[in-house]
$ cat upload.cif   # mmCIF, C-alpha atoms and all ligand atoms
data_input
loop_
_atom_site.label_atom_id
_atom_site.label_comp_id
_atom_site.auth_asym_id
_atom_site.auth_seq_id
_atom_site.Cartn_x
_atom_site.Cartn_y
_atom_site.Cartn_z
CA MET J 51 164.32 131.77 58.84
CA THR J 52 162.00 133.55 61.26
CA THR J 53 158.40 133.86 60.15
CA GLU J 54 158.59 137.63 60.22
CA ALA J 55 161.68 137.54 58.01
CA ALA J 56 160.00 135.21 55.51
CA THR J 57 156.78 137.25 55.37
CA ALA J 58 158.58 140.54 54.94
CA GLU J 59 160.72 139.09 52.18
CA THR J 60 157.68 137.81 50.29
CA ALA J 61 155.81 141.11 50.63
CA THR J 62 158.76 143.08 49.33
CA ALA J 63 159.25 140.73 46.39
CA VAL J 64 155.58 140.76 45.40
CA SER J 65 155.24 144.53 45.70
CA ALA J 66 157.98 144.85 43.11
CA THR J 67 155.94 142.83 40.59
CA ALA J 68 153.56 145.39 39.19
CA THR J 69 150.39 144.25 37.45
CA GLY J 70 149.36 146.67 34.73
CA GLY J 71 151.36 149.43 36.40
CA ARG J 72 149.79 148.75 39.78
CA ALA J 73 151.57 146.87 42.59
CA ALA J 74 150.04 143.47 43.33
CA VAL J 75 150.12 144.05 47.08
CA SER J 76 149.17 146.99 49.23
CA GLU J 77 151.61 149.80 49.84
CA ARG J 78 151.32 149.05 53.54
CA ALA J 79 152.47 145.44 53.10
CA GLY J 80 155.29 146.57 50.81
CA ARG J 81 156.55 148.96 53.50
CA ILE J 82 157.12 146.22 56.09
CA PRO J 83 160.90 146.21 56.60
CA LYS J 84 162.74 143.31 55.03
CA GLY J 85 163.90 140.69 57.57
CA ASN J 86 167.67 140.59 57.95
CA LEU J 87 168.39 137.11 59.15
CA ALA J 88 167.09 134.91 56.35
CA GLU J 89 170.31 134.43 54.41
CA LEU J 90 172.52 134.23 57.51
CA PHE J 91 170.11 131.80 59.06
CA LEU J 92 170.37 129.40 56.14
CA LEU J 93 174.15 129.63 56.24
CA ALA J 94 174.11 129.01 60.00
CA ARG J 95 171.91 125.95 59.56
CA GLU J 96 174.18 124.52 56.87
CA ARG J 97 177.16 124.86 59.21
CA GLY J 98 175.41 123.48 62.28
CA ALA J 99 176.11 126.80 64.01
CA ILE J 100 174.95 127.71 67.51
CA ASP J 101 172.17 130.26 67.09
CA LEU J 102 172.43 133.19 69.51
CA ALA J 103 170.54 135.44 67.12
CA VAL J 104 166.84 134.71 67.50
CA GLY J 105 164.84 134.86 70.74
CA THR J 106 163.34 131.37 70.42
CA PRO J 107 163.70 130.01 73.96
CA GLY J 108 166.36 127.38 74.61
CA ALA J 109 165.88 128.14 78.32
CA PRO J 110 164.06 127.96 80.65
CA GLU J 111 162.63 124.51 80.04
CA THR J 112 158.95 124.37 79.17
CA PRO J 113 157.19 123.54 82.48
CA LYS J 114 156.22 119.85 82.40
CA PRO J 115 152.79 120.33 84.06
CA LEU J 116 151.83 122.69 81.21
CA VAL J 117 152.71 120.08 78.61
CA GLU J 118 150.88 117.33 80.53
CA GLU J 119 147.72 119.45 80.79
CA ALA J 120 147.88 120.29 77.08
CA VAL J 121 148.14 116.61 76.15
CA ARG J 122 145.28 115.80 78.49
CA ALA J 123 143.15 118.57 76.98
CA LEU J 124 143.76 117.33 73.43
CA ARG J 125 143.05 113.72 74.36
CA GLY J 126 140.01 114.84 76.32
CA GLY J 127 138.46 116.35 73.20
CA VAL J 128 139.11 120.07 73.70
CA ASN J 129 139.43 120.66 69.99
CA GLN J 130 136.90 123.34 69.10
CA TYR J 131 136.56 127.12 69.39
CA GLU J 132 136.91 128.69 72.81
CA LEU J 133 135.37 132.06 73.68
CA PRO J 134 137.18 134.35 71.21
CA HIS J 135 138.49 136.60 73.97
CA GLY J 136 139.92 133.65 75.88
CA GLY J 137 138.98 130.98 78.41
CA ALA J 138 137.92 132.13 81.87
CA ASP J 139 140.68 130.24 83.70
CA ILE J 140 143.63 131.55 81.72
CA ARG J 141 142.29 135.11 81.97
CA ARG J 142 141.99 134.70 85.74
CA ARG J 143 145.52 133.28 86.01
CA ILE J 144 146.95 136.15 83.97
CA ALA J 145 145.02 138.76 85.97
CA GLU J 146 146.40 137.26 89.20
CA SER J 147 149.93 137.95 88.02
CA PHE J 148 149.47 141.75 87.94
CA THR J 149 150.66 144.07 90.70
CA THR J 150 147.71 146.38 90.01
CA PRO J 151 144.55 144.30 89.67
CA ALA J 152 142.68 143.96 86.37
CA ASP J 153 139.20 142.53 85.86
CA PRO J 154 139.66 139.34 83.79
CA ASP J 155 136.09 139.59 82.49
CA THR J 156 136.21 143.14 81.17
CA GLU J 157 139.86 144.13 80.84
CA LEU J 158 141.69 141.12 79.37
CA THR J 159 141.75 139.51 75.95
CA VAL J 160 143.79 136.37 75.25
CA THR J 161 145.57 136.75 71.90
CA VAL J 162 147.71 134.73 69.51
CA GLY J 163 150.94 135.84 71.15
CA GLY J 164 152.05 139.34 71.92
CA THR J 165 152.42 139.72 68.16
CA GLU J 166 148.68 139.64 67.53
CA ALA J 167 148.06 141.75 70.63
CA LEU J 168 150.21 144.54 69.22
CA CYS J 169 148.47 144.44 65.84
CA VAL J 170 145.00 144.41 67.44
CA ALA J 171 145.96 147.41 69.58
CA LEU J 172 147.30 149.35 66.60
CA PHE J 173 144.42 148.47 64.26
CA SER J 174 141.98 149.53 66.98
CA LEU J 175 143.68 152.75 67.99
CA VAL J 176 145.28 154.41 64.96
CA ASP J 177 144.08 155.54 61.55
CA PRO J 178 146.15 155.67 58.38
CA GLY J 179 148.35 158.75 58.46
CA ASP J 180 148.44 159.01 62.27
CA GLU J 181 151.82 159.19 63.93
CA VAL J 182 153.08 156.56 66.38
CA VAL J 183 156.10 157.37 68.53
CA LEU J 184 158.78 154.66 68.72
CA LEU J 185 161.88 154.69 70.93
CA ASP J 186 164.90 153.88 68.77
CA PRO J 187 166.43 151.22 68.92
CA TYR J 188 163.24 149.15 68.92
CA TYR J 189 161.95 145.59 68.42
CA GLU J 190 161.82 145.34 64.64
CA ASN J 191 158.18 144.12 64.52
CA PHE J 192 157.02 147.43 66.04
CA LEU J 193 157.95 149.22 62.86
CA GLY J 194 156.36 146.56 60.65
CA ALA J 195 153.11 146.68 62.64
CA VAL J 196 152.98 150.49 62.52
CA GLU J 197 153.49 150.36 58.73
CA LEU J 198 150.83 147.68 58.35
CA ALA J 199 148.37 149.86 60.24
CA GLY J 200 149.09 152.61 57.68
CA ALA J 201 150.48 154.87 60.40
CA ARG J 202 153.75 156.82 60.34
CA PRO J 203 156.58 156.08 62.79
CA LYS J 204 158.05 159.02 64.67
CA PHE J 205 161.39 157.96 66.14
CA VAL J 206 162.85 159.22 69.39
CA ARG J 207 166.50 158.38 69.70
CA LEU J 208 167.77 156.57 72.78
CA HIS J 209 171.34 157.81 73.11
CA GLU J 210 174.14 155.26 73.29
CA PRO J 211 175.54 154.35 76.70
CA GLU J 212 178.57 156.54 77.36
CA GLY J 213 180.69 154.07 79.29
CA PRO J 214 180.46 153.24 82.98
CA ALA J 215 179.61 156.86 83.96
CA SER J 216 176.39 156.87 81.95
CA PRO J 217 175.51 153.25 81.19
CA ASP J 218 171.91 153.81 80.06
CA TRP J 219 170.33 154.16 76.65
CA ARG J 220 169.33 157.71 77.54
CA LEU J 221 166.00 159.27 76.64
CA ASP J 222 166.34 163.02 76.19
CA PRO J 223 163.23 164.74 77.64
CA ASP J 224 163.29 167.57 75.05
CA GLU J 225 163.65 165.17 72.12
CA LEU J 226 160.80 163.09 73.52
CA ALA J 227 158.56 166.15 73.85
CA ALA J 228 159.43 167.29 70.31
CA ALA J 229 158.14 163.99 68.88
CA PHE J 230 154.58 164.64 70.10
CA GLY J 231 152.11 166.80 68.18
CA PRO J 232 148.55 166.95 66.89
CA ALA J 233 149.10 163.93 64.58
CA THR J 234 150.39 161.69 67.41
CA ARG J 235 147.91 158.96 68.25
CA ALA J 236 150.00 156.43 70.16
CA ILE J 237 153.42 155.71 71.61
CA ILE J 238 154.82 152.17 71.77
CA LEU J 239 156.90 151.40 74.86
CA ASN J 240 158.75 148.19 75.64
CA THR J 241 159.87 147.44 79.18
CA PRO J 242 162.07 145.44 79.63
CA ALA J 243 163.12 146.16 76.07
CA ASN J 244 164.21 144.18 73.07
CA PRO J 245 166.99 144.78 72.04
CA THR J 246 168.50 146.91 74.85
CA GLY J 247 167.35 144.95 77.93
CA GLN J 248 166.58 148.28 79.56
CA THR J 249 163.55 148.97 81.77
CA LEU J 250 161.70 152.28 81.93
CA SER J 251 161.90 154.11 85.25
CA ALA J 252 159.00 155.70 87.14
CA GLU J 253 160.45 159.06 86.13
CA ASP J 254 160.45 158.11 82.40
CA LEU J 255 156.86 156.92 82.69
CA GLU J 256 155.70 160.11 84.49
CA ARG J 257 157.30 162.20 81.76
CA ILE J 258 155.59 160.14 79.07
CA ALA J 259 152.28 160.36 80.96
CA ALA J 260 152.42 164.17 80.98
CA LEU J 261 152.98 164.27 77.20
CA CYS J 262 150.23 161.72 76.54
CA GLU J 263 147.85 163.76 78.67
CA ARG J 264 148.76 166.96 76.85
CA TRP J 265 148.36 165.48 73.34
CA ASP J 266 145.66 162.90 74.18
CA VAL J 267 147.82 159.96 73.16
CA THR J 268 147.42 156.27 74.07
CA VAL J 269 150.36 154.22 75.35
CA ILE J 270 150.83 150.72 73.97
CA SER J 271 153.25 149.08 76.38
CA ASP J 272 154.84 145.82 75.27
CA GLU J 273 155.63 144.03 78.52
CA VAL J 274 156.21 140.55 77.16
CA TYR J 275 159.33 140.34 79.35
CA ALA J 276 157.50 141.36 82.54
CA ASN J 277 158.45 138.08 84.22
CA LEU J 278 162.04 138.29 83.08
CA VAL J 279 163.32 141.17 85.20
CA PHE J 280 166.59 140.43 86.98
CA ASP J 281 168.48 141.15 90.20
CA ASP J 282 165.33 141.14 92.35
CA ARG J 283 163.97 144.30 90.75
CA PRO J 284 160.19 144.45 90.53
CA HIS J 285 158.61 144.89 87.10
CA LEU J 286 157.05 148.34 86.76
CA SER J 287 154.06 148.20 84.42
CA VAL J 288 152.37 151.23 82.91
CA ALA J 289 149.27 149.86 84.66
CA ASP J 290 151.03 150.51 88.00
CA VAL J 291 151.42 154.23 87.22
CA PRO J 292 148.15 155.98 88.16
CA SER J 293 148.59 158.78 85.58
CA LEU J 294 149.00 156.19 82.80
CA ARG J 295 146.63 153.42 83.78
CA ASP J 296 143.59 154.70 81.93
CA ARG J 297 145.37 155.67 78.77
CA SER J 298 147.47 152.52 78.52
CA VAL J 299 147.22 149.19 76.82
CA VAL J 300 149.52 146.38 77.99
CA VAL J 301 150.74 143.70 75.58
CA GLY J 302 151.82 140.49 77.32
CA SER J 303 152.96 137.00 76.40
CA LEU J 304 153.78 133.58 77.82
CA SER J 305 156.21 132.82 74.96
CA LYS J 306 159.49 133.56 76.72
CA SER J 307 158.67 133.36 80.44
CA HIS J 308 157.21 129.86 80.01
CA ALA J 309 159.21 128.78 76.96
CA ILE J 310 156.07 128.15 74.92
CA SER J 311 156.72 130.50 72.01
CA GLY J 312 155.15 127.94 69.65
CA TRP J 313 151.89 127.88 71.60
CA ARG J 314 151.20 131.48 70.62
CA LEU J 315 149.60 132.68 73.85
CA GLY J 316 149.59 136.37 74.66
CA PHE J 317 147.18 138.96 75.96
CA LEU J 318 145.99 142.53 75.88
CA ARG J 319 145.10 144.42 79.01
CA ALA J 320 143.04 147.61 78.67
CA ARG J 321 140.16 149.47 80.25
CA PRO J 322 136.70 148.00 79.47
CA GLU J 323 135.70 150.44 76.65
CA LEU J 324 138.91 149.68 74.78
CA THR J 325 138.74 145.97 75.57
CA ARG J 326 135.29 145.77 73.95
CA VAL J 327 136.76 147.16 70.70
CA PHE J 328 139.89 145.02 70.93
CA ARG J 329 137.77 141.89 71.27
CA ARG J 330 135.88 142.76 68.08
CA VAL J 331 139.10 143.38 66.14
CA HIS J 332 140.58 140.18 67.60
CA GLU J 333 137.52 138.24 66.37
CA ILE J 334 138.29 139.50 62.88
CA THR J 335 142.03 138.84 62.98
CA THR J 336 142.19 135.37 64.60
CA ASN J 337 138.95 134.62 66.46
CA GLY J 338 140.93 133.28 69.37
CA ALA J 339 144.05 131.44 70.47
CA GLY J 340 144.37 127.62 70.61
CA ALA J 341 141.68 126.23 72.95
CA PRO J 342 143.54 123.21 74.42
CA LEU J 343 146.62 125.31 75.09
CA GLN J 344 144.60 127.99 76.83
CA LEU J 345 142.91 125.34 78.93
CA ALA J 346 146.29 123.87 79.91
CA ALA J 347 147.63 127.28 80.89
CA GLY J 348 144.45 128.00 82.85
CA LEU J 349 144.83 124.81 84.89
CA THR J 350 148.45 125.45 85.84
CA ASP J 351 149.92 127.63 88.56
CA LEU J 352 151.38 129.83 85.86
CA PHE J 353 152.97 132.59 87.86
CA ASP J 354 153.72 131.17 91.29
CA ALA J 355 157.29 131.64 92.43
CA ALA J 356 158.09 127.93 92.46
CA SER J 357 156.96 127.31 88.90
CA LEU J 358 158.40 130.52 87.51
CA THR J 359 162.14 130.32 87.97
CA ALA J 360 162.79 131.75 84.54
CA ALA J 361 164.13 135.11 85.73
CA LYS J 362 166.71 133.50 87.99
CA GLU J 363 167.82 131.08 85.33
CA LEU J 364 168.05 133.75 82.64
CA SER J 365 169.93 136.18 84.87
CA GLN J 366 172.65 133.52 85.18
CA ALA J 367 172.59 133.06 81.41
CA ARG J 368 172.85 136.84 81.02
CA ASP J 369 175.94 136.93 83.24
CA GLU J 370 177.59 134.06 81.37
CA THR J 371 176.84 135.71 78.01
CA ALA J 372 178.07 139.07 79.26
CA ASP J 373 181.36 137.51 80.31
CA ILE J 374 181.84 135.90 76.89
CA LEU J 375 181.05 139.13 75.03
CA ALA J 376 183.30 141.23 77.27
CA ARG J 377 186.18 138.83 76.64
CA MET J 378 185.57 139.25 72.90
CA GLY J 379 186.10 143.00 73.38
CA LEU J 380 182.47 144.01 72.95
CA THR J 381 180.90 146.70 75.15
CA PHE J 382 177.30 146.79 76.31
CA ARG J 383 174.89 147.75 79.01
CA LEU J 384 174.04 144.80 81.26
CA PRO J 385 170.37 143.99 80.57
CA GLU J 386 167.94 144.57 83.45
CA GLY J 387 165.50 142.16 81.86
CA GLY J 388 164.41 140.32 78.73
CA CYS J 389 166.63 137.91 76.85
CA PHE J 390 168.96 140.02 74.68
CA VAL J 391 172.22 141.95 74.98
CA LEU J 392 172.79 144.77 72.50
CA ALA J 393 176.56 144.95 72.17
CA ASP J 394 178.78 147.59 70.54
CA ILE J 395 181.37 145.85 68.38
CA ARG J 396 183.75 148.78 67.92
CA GLY J 397 186.07 147.57 70.71
CA ALA J 398 186.60 144.32 68.81
CA THR J 399 186.59 145.25 65.12
CA ASP J 400 186.45 147.99 62.48
CA GLU J 401 183.97 145.94 60.47
CA ASP J 402 180.29 146.81 60.13
CA CYS J 403 177.92 144.47 61.97
CA ARG J 404 176.98 142.28 58.99
CA THR J 405 180.62 141.66 58.06
CA PHE J 406 181.43 140.94 61.71
CA VAL J 407 178.46 138.55 62.10
CA ARG J 408 179.41 136.71 58.92
CA ARG J 409 183.05 136.38 60.02
CA VAL J 410 182.07 135.12 63.49
CA LEU J 411 179.78 132.60 61.82
CA GLU J 412 182.51 131.41 59.47
CA GLU J 413 185.29 131.30 62.07
CA SER J 414 183.38 130.17 65.15
CA SER J 415 180.10 128.70 63.91
CA VAL J 416 178.04 130.95 66.17
CA LEU J 417 175.27 133.13 64.77
CA LEU J 418 174.72 136.63 66.20
CA ALA J 419 172.11 139.10 64.91
CA PRO J 420 173.32 142.21 63.04
CA GLY J 421 172.13 145.38 64.77
CA THR J 422 170.84 147.36 61.78
CA PRO J 423 167.16 146.26 61.79
CA PHE J 424 166.71 147.54 65.32
CA PHE J 425 167.70 151.12 64.48
CA ALA J 426 165.96 153.76 62.37
CA ASP J 427 169.38 154.92 61.18
CA GLU J 428 171.43 152.12 59.56
CA GLU J 429 174.64 153.98 60.27
CA ARG J 430 173.96 153.74 63.99
CA GLY J 431 172.96 150.07 63.80
CA ARG J 432 176.11 149.03 61.94
CA ASN J 433 178.09 149.20 65.21
CA TYR J 434 175.90 146.71 67.10
CA VAL J 435 175.01 143.05 67.34
CA ARG J 436 172.13 141.57 69.30
CA VAL J 437 172.82 138.41 71.26
CA ALA J 438 170.07 136.16 72.70
CA PHE J 439 170.93 134.59 76.05
CA ASN J 440 167.81 132.51 76.74
CA ARG J 441 169.87 129.40 76.20
CA SER J 442 170.81 126.40 78.37
CA PRO J 443 174.13 126.39 80.29
CA GLN J 444 175.33 123.63 77.92
CA ILE J 445 174.67 125.72 74.81
CA LEU J 446 176.35 128.76 76.36
CA ALA J 447 179.36 126.65 77.37
CA ALA J 448 179.64 125.39 73.78
CA ALA J 449 179.34 128.97 72.47
CA ARG J 450 182.09 130.07 74.85
CA ALA J 451 184.41 127.33 73.62
CA ARG J 452 183.82 128.35 70.00
CA LEU J 453 184.00 132.12 70.49
CA LEU J 454 186.98 132.13 72.89
CA PRO J 455 189.14 129.21 71.72
C1 LIG R 501 159.42 142.94 72.52
C2 LIG R 501 158.72 141.75 71.93
N1 LIG R 501 157.40 141.78 71.79
C3 LIG R 501 156.73 140.72 71.28
C4 LIG R 501 157.40 139.60 70.87
C5 LIG R 501 156.62 138.46 70.29
O1 LIG R 501 155.97 137.78 71.31
P1 LIG R 501 155.00 136.56 71.02
O2 LIG R 501 155.80 135.32 70.85
O3 LIG R 501 154.15 136.52 72.24
O4 LIG R 501 154.19 136.90 69.81
C6 LIG R 501 158.78 139.52 71.00
C7 LIG R 501 159.52 138.33 70.55
O5 LIG R 501 160.71 138.31 70.41
C8 LIG R 501 159.46 140.64 71.54
O6 LIG R 501 160.79 140.63 71.68
#
$ encode --input "upload.cif" --output "C-alpha cells"
Amino acid sequence: MTTEAATAETATAVSATATGGRAAVSERAGRIPKGNLAELFLLARERGAIDLAVGTPGAPETPKPLVEEAVRALRGGVNQYELPHGGADIRRRIAESFTTPADPDTELTVTVGGTEALCVALFSLVDPGDEVVLLDPYYENFLGAVELAGARPKFVRLHEPEGPASPDWRLDPDELAAAFGPATRAIILNTPANPTGQTLSAEDLERIAALCERWDVTVISDEVYANLVFDDRPHLSVADVPSLRDRSVVVGSLSKSHAISGWRLGFLRARPELTRVFRRVHEITTNGAGAPLQLAAGLTDLFDAASLTAAKELSQARDETADILARMGLTFRLPEGGCFVLADIRGATDEDCRTFVRRVLEESSVLLAPGTPFFADEERGRNYVRVAFNRSPQILAAARARLLP
C-alpha cells in the first residue's frame, strides 16, 4: 500500500467515528480523497504480480557514488540536524541544474521530497476558503494537499486526445480563463505531468501568466520530472518564462531522476520574500530533510550529463511500454516526460477501469492503476489506466510475456 493510500484510508475511517456528535478528526483531513490502490496492492502482493501501478523507481539504478557518500556520511558521524533549509552544497548543486539561475542562499529550500514542498507552498500561500486551480486529470496528491490546506479545488478540464490528428490533452483557453476569479489564490501546474506525461508549452505558460497577472494569482509548478523529459526536448520551467518567474514557485525532487524516492529529498524554488516564509513553515512541518543524505547529494555531481542518464533510459522504457499497451489495444498519447502512460482502455474492453485492472491482475499477474483517482469526474476516469514505466528492461520483458502471451 502506498503511504498516501494508507493515510487517506485512516483519515476517512476516523472521521466517520463521531465523538459526542463531533468528528474525531478535522474536516480537512476527512476530505482527503481515499487512496484507490490499497486493496489491489494487497492482492497483487499475494499473487507475486509485477507492479506497473505505482511510481516507485525500478529504473534508473540508484547512482552508486550517491550511496557510497551516504554510507560515508553516516559512518563519519553526520547524524544530527542540518540547517533546516538545507545544506549549502546540495542547494548549490540543485541551483546549478537550472536553466535560469537561482540564488541557492535566498531562493532555495531543501524539503522532505516534493510532497512536503507542495504542502509548504500551499500552507504558505492560501487561506481556508481560497480557490486553487487544478488541471484535470491531475496527480492525486494535489487534491489531497489542497483539501488539507482548507482551500477549494477549481478544476479545468484537459480534453481527451482525439486520435492522431489532435494527440494532446487539450487545454481550452476560455475554460481556463473562466476558472479564475477573485477567490483564486493559486494554480498548480505539473510539467511534465503525472498522469498524462504531457509538458506545458511556452504558449500555455504565457496564457496562464496573463491570467495570473490579471487576478494576482501565484503559480505552484510541480516539476519533479524536470530531468525526465524525452526525445532531446529541453525542460521548460515556469522560472524560464519572464512573465511568470516572480509569481512562481517551483517544486522539485530527486526521487525519480536519481531513483532515491526513499531518501525524501526535494526542494522549493521561489523569490527571496516567499522563500523566507517557506523556510519558516518548513521548520514547523519537518525542520529539515535527512542530513547525511543531503550531504551525500551535495558531494556528488548530481546533474552532470554522464551521471544523469535517467531520461535516456526511461525513454526506452516508455517506448517498450507503449508497444506493449498498443498491442493490448489500448490508446494513449506518448508521454513527453515523467514515468507514466495514461491509457484509454476502450479499444480493448467494455469494462470500467477497476474491473479491467482486476481482470488483468487475475489473468496476467500484472498490476495497473485504475484511472479514476486522477480525474475530478469518476465517469471520465473509468475509461483509463495509468501505467508506470520506470522499470528495468528485465521487468518490462517479464510484463510483456505475461500481458501478451
Ligand atoms: C507529480 C508528482 N509530484 C510529486 C511527487 C512526489 O515526489 P516526492 O517523492 O519527491 O515526494 C510525485 C510522485 O509520484 C509526483 O508524481
$ closest_residue --input "upload.cif" --among "J:Ala88, J:Ala167, J:Leu358, J:Val435" --to "Val301 in chain J" --atoms "only C-alpha atoms"
J:Ala167
$ residues_around --input "upload.cif" --residues "range 412-427 of chain J" --least-positions-apart "5" --cutoff "7 Å" --atoms "all atoms listed in the file" --output "PDB file with C-alpha atoms, in the coordinates of the input"
ATOM      1  CA  ASN J  86     167.670 140.590  57.950  1.00  0.00           C
ATOM      2  CA  ALA J  94     174.110 129.010  60.000  1.00  0.00           C
ATOM      3  CA  ARG J  97     177.160 124.860  59.210  1.00  0.00           C
ATOM      4  CA  ALA J  99     176.110 126.800  64.010  1.00  0.00           C
ATOM      5  CA  ILE J 100     174.950 127.710  67.510  1.00  0.00           C
ATOM      6  CA  ASP J 101     172.170 130.260  67.090  1.00  0.00           C
ATOM      7  CA  LEU J 102     172.430 133.190  69.510  1.00  0.00           C
ATOM      8  CA  ALA J 103     170.540 135.440  67.120  1.00  0.00           C
ATOM      9  CA  ASP J 186     164.900 153.880  68.770  1.00  0.00           C
ATOM     10  CA  PRO J 187     166.430 151.220  68.920  1.00  0.00           C
ATOM     11  CA  TYR J 188     163.240 149.150  68.920  1.00  0.00           C
ATOM     12  CA  TYR J 189     161.950 145.590  68.420  1.00  0.00           C
ATOM     13  CA  GLU J 190     161.820 145.340  64.640  1.00  0.00           C
ATOM     14  CA  CYS J 403     177.920 144.470  61.970  1.00  0.00           C
ATOM     15  CA  ARG J 404     176.980 142.280  58.990  1.00  0.00           C
ATOM     16  CA  VAL J 407     178.460 138.550  62.100  1.00  0.00           C
ATOM     17  CA  ARG J 432     176.110 149.030  61.940  1.00  0.00           C
ATOM     18  CA  TYR J 434     175.900 146.710  67.100  1.00  0.00           C
ATOM     19  CA  VAL J 435     175.010 143.050  67.340  1.00  0.00           C
ATOM     20  CA  ARG J 436     172.130 141.570  69.300  1.00  0.00           C
ATOM     21  CA  VAL J 437     172.820 138.410  71.260  1.00  0.00           C
ATOM     22  CA  ALA J 449     179.340 128.970  72.470  1.00  0.00           C
ATOM     23  CA  ARG J 452     183.820 128.350  70.000  1.00  0.00           C
ATOM     24  CA  LEU J 453     184.000 132.120  70.490  1.00  0.00           C
TER      25      LEU J 453
END
$ axis_aligned_box --input "upload.cif" --around "ligand LIG 501 (chain R)" --padding-each-side "4 Å" --output "AutoDock Vina command-line options"
--center_x 157.5 --center_y 139.1 --center_z 71.2 --size_x 14.6 --size_y 15.6 --size_z 10.7
$ residues_near_ligand --input "upload.cif" --ligand "ligand LIG 501 (chain R)" --cutoff "9 Å" --atoms "only C-alpha atoms and all ligand atoms" --output "ChimeraX atom specification"
/J:104-106,161-168,188-192,240-245,272-275,301-306,310-317,388-390
$ closest_atom_pairs --input "upload.cif" --of "range 350-420 of chain J" --to "range 111-115 of chain J" --cutoff "10 Å" --atoms "all atoms listed in the file" --output "Markdown table"
| residue | atom | partner | partner_atom | distance |
| --- | --- | --- | --- | --- |
| J:Thr350 | CA | J:Pro115 | CA | 6.9 |
| J:Asp351 | CA | J:Pro115 | CA | 9.0 |
| J:Leu352 | CA | J:Pro113 | CA | 9.2 |
| J:Ser357 | CA | J:Pro113 | CA | 7.4 |
| J:Leu358 | CA | J:Pro113 | CA | 8.7 |
| J:Thr359 | CA | J:Glu111 | CA | 9.8 |
| J:Ala360 | CA | J:Glu111 | CA | 8.5 |
| J:Glu363 | CA | J:Glu111 | CA | 9.9 |
